[in-house]
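Here's start.cif, which has mmCIF, C-alpha atoms (C1' of nucleotides):
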data_query
#
loop_
_atom_site.group_PDB
_atom_site.id
_atom_site.type_symbol
_atom_site.label_atom_id
_atom_site.label_comp_id
_atom_site.auth_asym_id
_atom_site.auth_seq_id
_atom_site.Cartn_x
_atom_site.Cartn_y
_atom_site.Cartn_z
ATOM 1 C CA MET A 16 0.000 0.000 0.000
ATOM 2 C CA GLN A 17 1.185 3.498 -0.856
ATOM 3 C CA VAL A 18 0.307 6.676 1.052
ATOM 4 C CA ALA A 19 1.260 9.976 -0.571
ATOM 5 C CA THR A 20 1.201 13.613 0.533
ATOM 6 C CA TRP A 21 1.153 16.565 -1.855
ATOM 7 C CA ASN A 22 0.581 20.273 -1.341
ATOM 8 C CA VAL A 23 -0.958 21.127 -4.725
ATOM 9 C CA ASN A 24 -1.291 24.930 -4.211
ATOM 10 C CA SER A 25 -4.863 25.104 -5.590
ATOM 11 C CA VAL A 26 -6.474 21.899 -6.872
ATOM 12 C CA LYS A 27 -8.329 23.793 -9.602
ATOM 13 C CA ALA A 28 -5.217 25.520 -10.984
ATOM 14 C CA ARG A 29 -3.375 22.171 -10.696
ATOM 15 C CA LEU A 30 -6.046 19.770 -11.962
ATOM 16 C CA GLU A 31 -4.186 18.667 -15.082
ATOM 17 C CA ASN A 32 -0.952 18.037 -13.145
ATOM 18 C CA VAL A 33 -2.852 16.196 -10.410
ATOM 19 C CA ILE A 34 -4.689 13.951 -12.876
ATOM 20 C CA ASP A 35 -1.469 13.203 -14.812
ATOM 21 C CA TRP A 36 0.377 12.239 -11.634
ATOM 22 C CA LEU A 37 -2.480 10.133 -10.228
ATOM 23 C CA ARG A 38 -2.648 8.228 -13.527
ATOM 24 C CA GLU A 39 1.078 7.499 -13.657
ATOM 25 C CA ALA A 40 1.891 6.968 -9.949
ATOM 26 C CA ALA A 41 -1.512 5.498 -8.991
ATOM 27 C CA PRO A 42 -0.958 5.635 -5.217
ATOM 28 C CA ASP A 43 -3.638 3.969 -3.064
ATOM 29 C CA VAL A 44 -4.098 6.959 -0.755
ATOM 30 C CA VAL A 45 -3.269 10.628 -1.408
ATOM 31 C CA CYS A 46 -3.339 13.435 1.155
ATOM 32 C CA LEU A 47 -3.735 16.837 -0.499
ATOM 33 C CA GLN A 48 -3.119 20.252 1.020
ATOM 34 C CA GLU A 49 -3.926 23.810 -0.068
ATOM 35 C CA ILE A 50 -6.842 22.792 -2.256
ATOM 36 C CA LYS A 51 -7.994 26.429 -1.913
ATOM 37 C CA CYS A 52 -11.675 25.777 -2.621
ATOM 38 C CA LEU A 53 -14.968 25.028 -0.924
ATOM 39 C CA ASP A 54 -16.016 21.368 -0.749
ATOM 40 C CA GLU A 55 -18.684 21.946 -3.408
ATOM 41 C CA ASN A 56 -16.081 23.337 -5.826
ATOM 42 C CA PHE A 57 -13.631 20.424 -5.522
ATOM 43 C CA PRO A 58 -13.261 18.633 -8.893
ATOM 44 C CA ARG A 59 -14.738 15.494 -7.380
ATOM 45 C CA GLU A 60 -15.929 13.749 -10.553
ATOM 46 C CA ALA A 61 -12.562 14.050 -12.319
ATOM 47 C CA ILE A 62 -10.839 12.377 -9.343
ATOM 48 C CA GLU A 63 -13.564 9.768 -8.813
ATOM 49 C CA ASP A 64 -13.216 8.810 -12.489
ATOM 50 C CA LEU A 65 -9.637 7.705 -11.667
ATOM 51 C CA GLY A 66 -10.980 5.278 -9.068
ATOM 52 C CA TYR A 67 -10.675 7.335 -5.896
ATOM 53 C CA ASN A 68 -13.067 7.979 -3.059
ATOM 54 C CA VAL A 69 -12.864 11.669 -2.139
ATOM 55 C CA GLU A 70 -13.096 13.297 1.307
ATOM 56 C CA THR A 71 -12.580 17.051 1.535
ATOM 57 C CA HIS A 72 -12.325 19.743 4.183
ATOM 58 C CA GLY A 73 -12.194 22.921 2.141
ATOM 59 C CA GLN A 74 -12.556 26.649 2.558
ATOM 60 C CA LYS A 75 -12.721 29.596 0.213
ATOM 61 C CA THR A 76 -9.433 31.016 -1.194
ATOM 62 C CA TYR A 77 -7.004 29.626 1.401
ATOM 63 C CA ASN A 78 -5.903 26.321 2.962
ATOM 64 C CA GLY A 79 -8.141 23.264 2.558
ATOM 65 C CA VAL A 80 -7.187 19.579 2.778
ATOM 66 C CA ALA A 81 -8.435 16.342 1.228
ATOM 67 C CA ILE A 82 -7.914 12.589 1.262
ATOM 68 C CA LEU A 83 -8.239 10.448 -1.868
ATOM 69 C CA SER A 84 -8.453 6.678 -1.440
ATOM 70 C CA LYS A 85 -8.816 3.695 -3.752
ATOM 71 C CA PHE A 86 -10.182 1.774 -0.752
ATOM 72 C CA PRO A 87 -13.376 2.517 1.177
ATOM 73 C CA VAL A 88 -13.236 5.382 3.673
ATOM 74 C CA GLU A 89 -14.798 5.429 7.138
ATOM 75 C CA GLU A 90 -14.873 7.626 10.216
ATOM 76 C CA THR A 91 -13.937 10.948 8.642
ATOM 77 C CA ARG A 92 -13.006 13.773 11.040
ATOM 78 C CA ARG A 93 -12.630 17.406 9.987
ATOM 79 C CA GLY A 94 -10.546 19.711 12.185
ATOM 80 C CA LEU A 95 -8.547 18.897 15.312
ATOM 81 C CA PRO A 96 -10.454 18.074 18.509
ATOM 82 C CA GLY A 97 -10.351 20.891 21.048
ATOM 83 C CA ASN A 98 -9.710 23.389 18.252
ATOM 84 C CA GLU A 99 -13.317 23.904 17.145
ATOM 85 C CA ASP A 100 -13.122 27.707 16.994
ATOM 86 C CA ASP A 101 -10.261 27.514 14.458
ATOM 87 C CA ASP A 102 -11.733 28.779 11.173
ATOM 88 C CA GLN A 103 -8.853 27.495 9.005
ATOM 89 C CA ALA A 104 -9.326 24.138 7.225
ATOM 90 C CA ARG A 105 -6.030 22.363 7.915
ATOM 91 C CA TYR A 106 -6.865 18.861 9.167
ATOM 92 C CA ILE A 107 -8.827 15.886 7.852
ATOM 93 C CA GLU A 108 -8.537 12.316 9.072
ATOM 94 C CA CYS A 109 -10.156 9.058 8.094
ATOM 95 C CA VAL A 110 -9.878 5.323 8.429
ATOM 96 C CA ILE A 111 -9.044 3.482 5.208
ATOM 97 C CA SER A 112 -10.505 -0.016 4.925
ATOM 98 C CA HIS A 113 -7.584 -1.785 3.282
ATOM 99 C CA ASP A 114 -7.813 -5.501 2.454
ATOM 100 C CA SER A 115 -5.275 -6.166 5.214
ATOM 101 C CA GLY A 116 -7.257 -4.174 7.808
ATOM 102 C CA PRO A 117 -7.811 -0.547 8.819
ATOM 103 C CA VAL A 118 -5.208 2.178 8.319
ATOM 104 C CA ARG A 119 -5.814 5.604 9.867
ATOM 105 C CA VAL A 120 -4.591 8.494 7.700
ATOM 106 C CA ALA A 121 -4.586 12.258 8.252
ATOM 107 C CA SER A 122 -3.915 15.077 5.790
ATOM 108 C CA ILE A 123 -2.281 18.029 7.570
ATOM 109 C CA TYR A 124 -1.575 21.573 6.419
ATOM 110 C CA LEU A 125 0.384 23.027 9.298
ATOM 111 C CA PRO A 126 0.465 26.842 9.489
ATOM 112 C CA ASN A 127 3.466 28.560 7.873
ATOM 113 C CA GLY A 128 4.018 30.858 10.856
ATOM 114 C CA ASN A 129 5.806 33.757 9.176
ATOM 115 C CA PRO A 130 6.605 36.416 10.073
ATOM 116 C CA ALA A 131 8.218 35.210 13.283
ATOM 117 C CA PRO A 132 8.106 36.109 16.044
ATOM 118 C CA GLY A 133 4.545 37.402 15.997
ATOM 119 C CA PRO A 134 0.892 36.324 16.098
ATOM 120 C CA LYS A 135 1.215 34.041 13.066
ATOM 121 C CA HIS A 136 4.078 32.137 14.670
ATOM 122 C CA GLY A 137 2.028 31.971 17.885
ATOM 123 C CA TYR A 138 -0.847 30.485 15.879
ATOM 124 C CA LYS A 139 1.528 27.906 14.400
ATOM 125 C CA LEU A 140 2.858 26.820 17.802
ATOM 126 C CA GLY A 141 -0.649 26.717 19.270
ATOM 127 C CA TRP A 142 -1.867 24.628 16.348
ATOM 128 C CA MET A 143 1.037 22.227 16.902
ATOM 129 C CA ARG A 144 0.054 21.833 20.569
ATOM 130 C CA HIS A 145 -3.436 20.787 19.454
ATOM 131 C CA LEU A 146 -1.913 18.393 16.931
ATOM 132 C CA LYS A 147 0.381 16.919 19.585
ATOM 133 C CA ARG A 148 -2.516 16.303 21.971
ATOM 134 C CA HIS A 149 -4.555 14.552 19.274
ATOM 135 C CA ALA A 150 -1.569 12.595 17.938
ATOM 136 C CA GLU A 151 -0.923 11.295 21.435
ATOM 137 C CA ALA A 152 -4.542 10.121 21.719
ATOM 138 C CA LEU A 153 -4.318 8.384 18.329
ATOM 139 C CA LEU A 154 -1.093 6.570 19.247
ATOM 140 C CA ALA A 155 -2.905 5.007 22.211
ATOM 141 C CA PHE A 156 -5.081 3.093 19.713
ATOM 142 C CA GLU A 157 -1.920 1.179 18.647
ATOM 143 C CA GLU A 158 -3.139 1.218 15.035
ATOM 144 C CA ARG A 159 -1.424 1.618 11.713
ATOM 145 C CA LEU A 160 -1.403 5.419 11.523
ATOM 146 C CA VAL A 161 0.053 7.862 8.975
ATOM 147 C CA LEU A 162 0.004 11.607 9.699
ATOM 148 C CA ALA A 163 0.879 13.004 6.280
ATOM 149 C CA GLY A 164 1.216 16.580 5.183
ATOM 150 C CA ASP A 165 2.892 19.900 4.698
ATOM 151 C CA TYR A 166 4.331 20.455 8.184
ATOM 152 C CA ASN A 167 6.104 23.705 7.251
ATOM 153 C CA ILE A 168 9.051 22.439 9.324
ATOM 154 C CA ILE A 169 12.616 21.892 8.120
ATOM 155 C CA PRO A 170 13.639 19.151 10.573
ATOM 156 C CA ARG A 171 17.444 19.153 10.085
ATOM 157 C CA ASP A 172 20.066 21.375 8.503
ATOM 158 C CA SER A 173 20.536 18.668 5.842
ATOM 159 C CA ASP A 174 16.917 19.314 4.772
ATOM 160 C CA VAL A 175 17.724 22.777 3.339
ATOM 161 C CA HIS A 176 20.211 23.914 0.696
ATOM 162 C CA ASP A 177 21.553 26.736 2.914
ATOM 163 C CA PRO A 178 20.501 26.766 6.584
ATOM 164 C CA ALA A 179 22.020 30.235 7.098
ATOM 165 C CA ALA A 180 19.718 31.709 4.440
ATOM 166 C CA TRP A 181 16.702 30.482 6.447
ATOM 167 C CA GLU A 182 17.859 31.627 9.883
ATOM 168 C CA GLY A 183 15.001 33.221 11.823
ATOM 169 C CA ASP A 184 12.339 31.818 9.480
ATOM 170 C CA ALA A 185 9.311 30.147 11.097
ATOM 171 C CA LEU A 186 10.094 26.920 9.185
ATOM 172 C CA ILE A 187 13.477 26.472 10.870
ATOM 173 C CA ARG A 188 13.297 28.422 14.165
ATOM 174 C CA PRO A 189 14.318 26.449 17.259
ATOM 175 C CA GLU A 190 10.807 26.743 18.785
ATOM 176 C CA SER A 191 9.230 25.373 15.599
ATOM 177 C CA ARG A 192 11.682 22.491 15.431
ATOM 178 C CA ALA A 193 11.244 21.764 19.134
ATOM 179 C CA ALA A 194 7.459 21.559 18.722
ATOM 180 C CA PHE A 195 7.931 19.133 15.806
ATOM 181 C CA ARG A 196 10.367 17.009 17.850
ATOM 182 C CA GLU A 197 7.854 16.911 20.711
ATOM 183 C CA ILE A 198 5.343 15.297 18.366
ATOM 184 C CA LEU A 199 7.921 12.871 16.947
ATOM 185 C CA ASN A 200 9.068 11.949 20.438
ATOM 186 C CA LEU A 201 5.585 10.771 21.375
ATOM 187 C CA GLY A 202 6.610 7.689 19.415
ATOM 188 C CA PHE A 203 6.403 8.560 15.730
ATOM 189 C CA THR A 204 8.865 7.760 12.992
ATOM 190 C CA GLU A 205 9.337 10.247 10.152
ATOM 191 C CA ALA A 206 9.352 8.012 7.096
ATOM 192 C CA PHE A 207 12.066 9.740 5.057
ATOM 193 C CA MET A 208 14.486 9.895 7.969
ATOM 194 C CA GLN A 209 14.028 6.162 8.586
ATOM 195 C CA ALA A 210 14.197 5.098 4.945
ATOM 196 C CA ASP A 211 16.722 7.517 3.485
ATOM 197 C CA GLY A 212 20.410 6.819 3.226
ATOM 198 C CA ARG A 213 21.165 9.259 0.425
ATOM 199 C CA GLY A 214 21.470 12.610 2.132
ATOM 200 C CA HIS A 215 19.452 15.618 1.156
ATOM 201 C CA GLN A 216 16.341 15.615 -0.922
ATOM 202 C CA TYR A 217 13.833 18.430 -1.020
ATOM 203 C CA SER A 218 10.047 18.553 -1.362
ATOM 204 C CA PHE A 219 9.571 22.320 -1.980
ATOM 205 C CA TRP A 220 11.249 24.884 -4.201
ATOM 206 C CA ASP A 221 10.018 28.501 -4.087
ATOM 207 C CA TYR A 222 8.628 30.048 -7.280
ATOM 208 C CA GLN A 223 10.899 33.054 -6.630
ATOM 209 C CA ARG A 224 14.589 33.707 -7.221
ATOM 210 C CA GLY A 225 15.032 30.724 -9.535
ATOM 211 C CA ALA A 226 14.961 28.363 -6.554
ATOM 212 C CA TRP A 227 14.059 25.328 -8.681
ATOM 213 C CA GLN A 228 16.704 26.004 -11.331
ATOM 214 C CA LYS A 229 19.372 26.427 -8.615
ATOM 215 C CA ASP A 230 18.055 23.486 -6.528
ATOM 216 C CA HIS A 231 17.532 25.791 -3.560
ATOM 217 C CA GLY A 232 14.934 23.568 -1.914
ATOM 218 C CA ILE A 233 13.702 22.546 1.497
ATOM 219 C CA ARG A 234 12.128 19.342 2.826
ATOM 220 C CA ILE A 235 8.936 20.220 4.701
ATOM 221 C CA ASP A 236 6.446 17.532 3.565
ATOM 222 C CA HIS A 237 6.526 14.588 5.932
ATOM 223 C CA LEU A 238 4.945 11.229 6.776
ATOM 224 C CA LEU A 239 4.749 10.554 10.522
ATOM 225 C CA LEU A 240 4.218 6.882 11.276
ATOM 226 C CA SER A 241 3.000 5.029 14.340
ATOM 227 C CA PRO A 242 5.172 2.025 15.272
ATOM 228 C CA GLN A 243 2.567 -0.280 13.703
ATOM 229 C CA ALA A 244 3.028 1.545 10.374
ATOM 230 C CA ALA A 245 6.781 2.199 10.640
ATOM 231 C CA ASP A 246 7.480 -1.505 11.162
ATOM 232 C CA HIS A 247 6.113 -2.142 7.668
ATOM 233 C CA LEU A 248 7.623 0.792 5.767
ATOM 234 C CA LYS A 249 9.454 -0.364 2.642
ATOM 235 C CA GLY A 250 10.603 2.980 1.268
ATOM 236 C CA VAL A 251 9.923 6.640 0.539
ATOM 237 C CA GLU A 252 10.000 8.376 -2.810
ATOM 238 C CA ILE A 253 10.115 12.144 -3.264
ATOM 239 C CA CYS A 254 8.809 12.743 -6.776
ATOM 240 C CA LYS A 255 11.221 15.518 -7.745
ATOM 241 C CA SER A 256 10.489 15.431 -11.487
ATOM 242 C CA VAL A 257 6.941 16.688 -10.820
ATOM 243 C CA ARG A 258 8.434 20.120 -9.978
ATOM 244 C CA GLY A 259 9.786 20.433 -13.536
ATOM 245 C CA LYS A 260 6.389 20.105 -15.277
ATOM 246 C CA GLU A 261 4.425 22.947 -16.848
ATOM 247 C CA LYS A 262 2.347 24.808 -14.259
ATOM 248 C CA ALA A 263 3.900 22.830 -11.381
ATOM 249 C CA SER A 264 3.021 23.262 -7.725
ATOM 250 C CA ASP A 265 5.904 24.568 -5.600
ATOM 251 C CA HIS A 266 5.689 21.246 -3.667
ATOM 252 C CA VAL A 267 6.160 17.705 -5.030
ATOM 253 C CA PRO A 268 4.485 14.482 -3.872
ATOM 254 C CA VAL A 269 6.135 12.362 -1.175
ATOM 255 C CA VAL A 270 5.125 8.682 -1.300
ATOM 256 C CA GLY A 271 5.543 6.071 1.425
ATOM 257 C CA THR A 272 5.290 2.412 0.427
ATOM 258 C CA PHE A 273 4.212 -0.132 3.049
ATOM 259 C CA GLU A 274 4.228 -3.891 2.908
ATOM 260 C CA PHE A 275 0.571 -4.019 3.902
ATOM 261 C "C1'" DA B 16 21.788 46.414 -3.701
ATOM 262 C "C1'" DT B 17 17.521 45.174 -5.606
ATOM 263 C "C1'" DG B 18 13.998 42.452 -7.242
ATOM 264 C "C1'" DG B 19 12.513 37.823 -8.546
ATOM 265 C "C1'" DT B 20 6.711 34.205 -8.570
ATOM 266 C "C1'" DC B 21 2.478 32.155 -8.096
ATOM 267 C "C1'" DG B 22 -2.912 31.771 -6.826
ATOM 268 C "C1'" DC B 23 -6.934 34.027 -5.741
ATOM 269 C "C1'" DG B 24 -9.730 37.374 -7.446
ATOM 270 C "C1'" DT B 25 -9.453 41.690 -9.300
ATOM 271 C "C1'" DA B 26 -6.197 44.877 -4.501
ATOM 272 C "C1'" DG B 27 -3.299 43.083 -1.930
ATOM 273 C "C1'" DC B 28 -2.540 39.093 1.012
ATOM 274 C "C1'" DG B 29 -0.425 34.561 1.821
ATOM 275 C "C1'" DA B 30 3.324 31.616 0.823
#

Same coordinates, now as C-alpha cells:
Amino acid sequence: MQVATWNVNSVKARLENVIDWLREAAPDVVCLQEIKCLDENFPREAIEDLGYNVETHGQKTYNGVAILSKFPVEETRRGLPGNEDDDQARYIECVISHDSGPVRVASIYLPNGNPAPGPKHGYKLGWMRHLKRHAEALLAFEERLVLAGDYNIIPRDSDVHDPAAWEGDALIRPESRAAFREILNLGFTEAFMQADGRGHQYSFWDYQRGAWQKDHGIRIDHLLLSPQAADHLKGVEICKSVRGKEKASDHVPVVGTFEF
DNA sequence: ATGGTCGCGTAGCGA
C-alpha cells in the first residue's frame, strides 16, 4: 500500500498536473493540502473517475485539505479536537478499509508561521500543541497510523540547501523544530528519515529567485508513522520530477510504500 | 543592492 502527501497549491489551478500524476503513480491513498476551494467546488468527478473515493475539508481562497483513497473510507473527522473555533481548514482524518485491515490516515496543512516572532508564529505553535494532543490520543489506539502533510518544518540542517539563508524563518526556528520534535518523540517515525540513506532531498522549491533552477529547496512535507506503520515501511520516494512540469506546484508528492 | 513568482480574485494578502 502506498500513502502519498502533496501540497498542490490550488487543486483547480493544478487539476491537469494532479490527474497526470495520479494516472502514472496510482498511489492507493493521497493526502492533499492547499486545495484552496470550498467542498462543493472540488473537482470530485474528475478524481472519482480515476478510481478514488474523495473526502474534503475545504474553505474559500485559502488552505483546505483532502484525502483520496482507492479503498473505502470510514470515520472521517474534519478539524482537530479541542480546536473547534479555528476557522482554518487544515486537518482531515479518516480510516481506510484496506484488504489487510484498517489504516488511519490524516492530511495536515500546518500553518506557515511567518513572520516570526509574531501572532502568526504563535498560531503555528498553538496549532502544533493541538496536533500533539490529538496525535498522542491516536497513538494510544496502537493502530497503523500515517500523519501526512505539509508540516512547514525543516527538521534538520541537511533538509535545506543553505541553513544560514533560512535563519530566523518560522520553518526552521528552534521553537518550531522543538514543537515538531515533541510530536515525533511521542513515538512517531518520520518516514524519510528512517528510509533515506542518500542525504538531502527536497520537497519544496520557491517560485521566486530561480529556486528550482538552482536546486535551492527545502524538505517540509513529511509522513509521521505510528510504530505499527513504521514496522512495515518499505521505502519513501520524493517525486522531484513533478516540480519540472508545466504549471507545477511549488511542492512535489512524497510517497511512502508499506508492505501491507 | 535590488527584485525575482504564483494563486486568488481583481487589490493586496499569503506563501

Please identify every residue of chain A that has at least one atom no farther than 9 Å from an atom of chain B, counting all atoms listed in the file, and for each give the shortest atom pair and the distance in Å to one decimal, arranged by chain then increasing number, as a tab-separated table.
residue	atom	partner	partner_atom	distance
A:Asn24	CA	B:DG22	C1'	7.5
A:Ser25	CA	B:DG22	C1'	7.1
A:Ala28	CA	B:DG22	C1'	7.9
A:Lys51	CA	B:DC23	C1'	8.6
A:Thr76	CA	B:DC23	C1'	6.0
A:Tyr77	CA	B:DG29	C1'	8.2
A:Asn127	CA	B:DA30	C1'	7.7
A:Asn129	CA	B:DA30	C1'	9.0
A:Asp221	CA	B:DT20	C1'	8.0
A:Tyr222	CA	B:DT20	C1'	4.8
A:Gln223	CA	B:DT20	C1'	4.8
A:Arg224	CA	B:DG19	C1'	4.8
A:Gly225	CA	B:DG19	C1'	7.6
A:Ser264	CA	B:DC21	C1'	8.9
A:Asp265	CA	B:DC21	C1'	8.7

Å distance separating atom CA of Trp220 of chain A from atom CA of Val18 of chain A, one decimal place: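 Going from atom CA of Trp220 of chain A over to atom CA of Val18 of chain A, I get 21.9 Å.
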
Atom CA of Ile123 of chain A to atom CA of Asp230 of chain A, straight-line distance in Å: 25.3 Å

Atom pair atom CA of Ile253 of chain A / atom CA of Tyr217 of chain A: separation (Å): 7.6 Å

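With all atoms listed in the file as the atoms that count, the residue of A:Glu197, A:Asp35, A:Asp177, A:Glu70 with the shortest distance to Leu146 of chain A is A:Glu197.
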
Expected selection from the PyMOL selection byres ((chain A and resi 188) around 12), given as a ChimeraX atom specification: /A:127-132,136,139-140,167-172,178-179,181-187,189-195

Hey, can I get the axis-aligned box for segment 19-28 of chain B? All listed atoms, 5 Å padding on each side, centre and edge lengths in Å to one decimal, as JSON.
{"center_x": 1.4, "center_y": 38.3, "center_z": -4.1, "size_x": 32.2, "size_y": 23.1, "size_z": 20.3}

Close residues, His247 of chain A itself excluded, 12 Å, only C-alpha atoms (C1' of nucleotides), min 3 positions apart in chain, as a ChimeraX atom specification: /A:16-17,159-161,204,206,209-210,240-244,250-251,271-275

Filtering to C-alpha atoms, could you give me those residues as a PDB file, in the coordinates of the input?
ATOM      1  CA  MET A  16       0.000   0.000   0.000  1.00  0.00           C
ATOM      2  CA  GLN A  17       1.185   3.498  -0.856  1.00  0.00           C
ATOM      3  CA  ARG A 159      -1.424   1.618  11.713  1.00  0.00           C
ATOM      4  CA  LEU A 160      -1.403   5.419  11.523  1.00  0.00           C
ATOM      5  CA  VAL A 161       0.053   7.862   8.975  1.00  0.00           C
ATOM      6  CA  THR A 204       8.865   7.760  12.992  1.00  0.00           C
ATOM      7  CA  ALA A 206       9.352   8.012   7.096  1.00  0.00           C
ATOM      8  CA  GLN A 209      14.028   6.162   8.586  1.00  0.00           C
ATOM      9  CA  ALA A 210      14.197   5.098   4.945  1.00  0.00           C
ATOM     10  CA  LEU A 240       4.218   6.882  11.276  1.00  0.00           C
ATOM     11  CA  SER A 241       3.000   5.029  14.340  1.00  0.00           C
ATOM     12  CA  PRO A 242       5.172   2.025  15.272  1.00  0.00           C
ATOM     13  CA  GLN A 243       2.567  -0.280  13.703  1.00  0.00           C
ATOM     14  CA  ALA A 244       3.028   1.545  10.374  1.00  0.00           C
ATOM     15  CA  GLY A 250      10.603   2.980   1.268  1.00  0.00           C
ATOM     16  CA  VAL A 251       9.923   6.640   0.539  1.00  0.00           C
ATOM     17  CA  GLY A 271       5.543   6.071   1.425  1.00  0.00           C
ATOM     18  CA  THR A 272       5.290   2.412   0.427  1.00  0.00           C
ATOM     19  CA  PHE A 273       4.212  -0.132   3.049  1.00  0.00           C
ATOM     20  CA  GLU A 274       4.228  -3.891   2.908  1.00  0.00           C
ATOM     21  CA  PHE A 275       0.571  -4.019   3.902  1.00  0.00           C
TER      22      PHE A 275
END
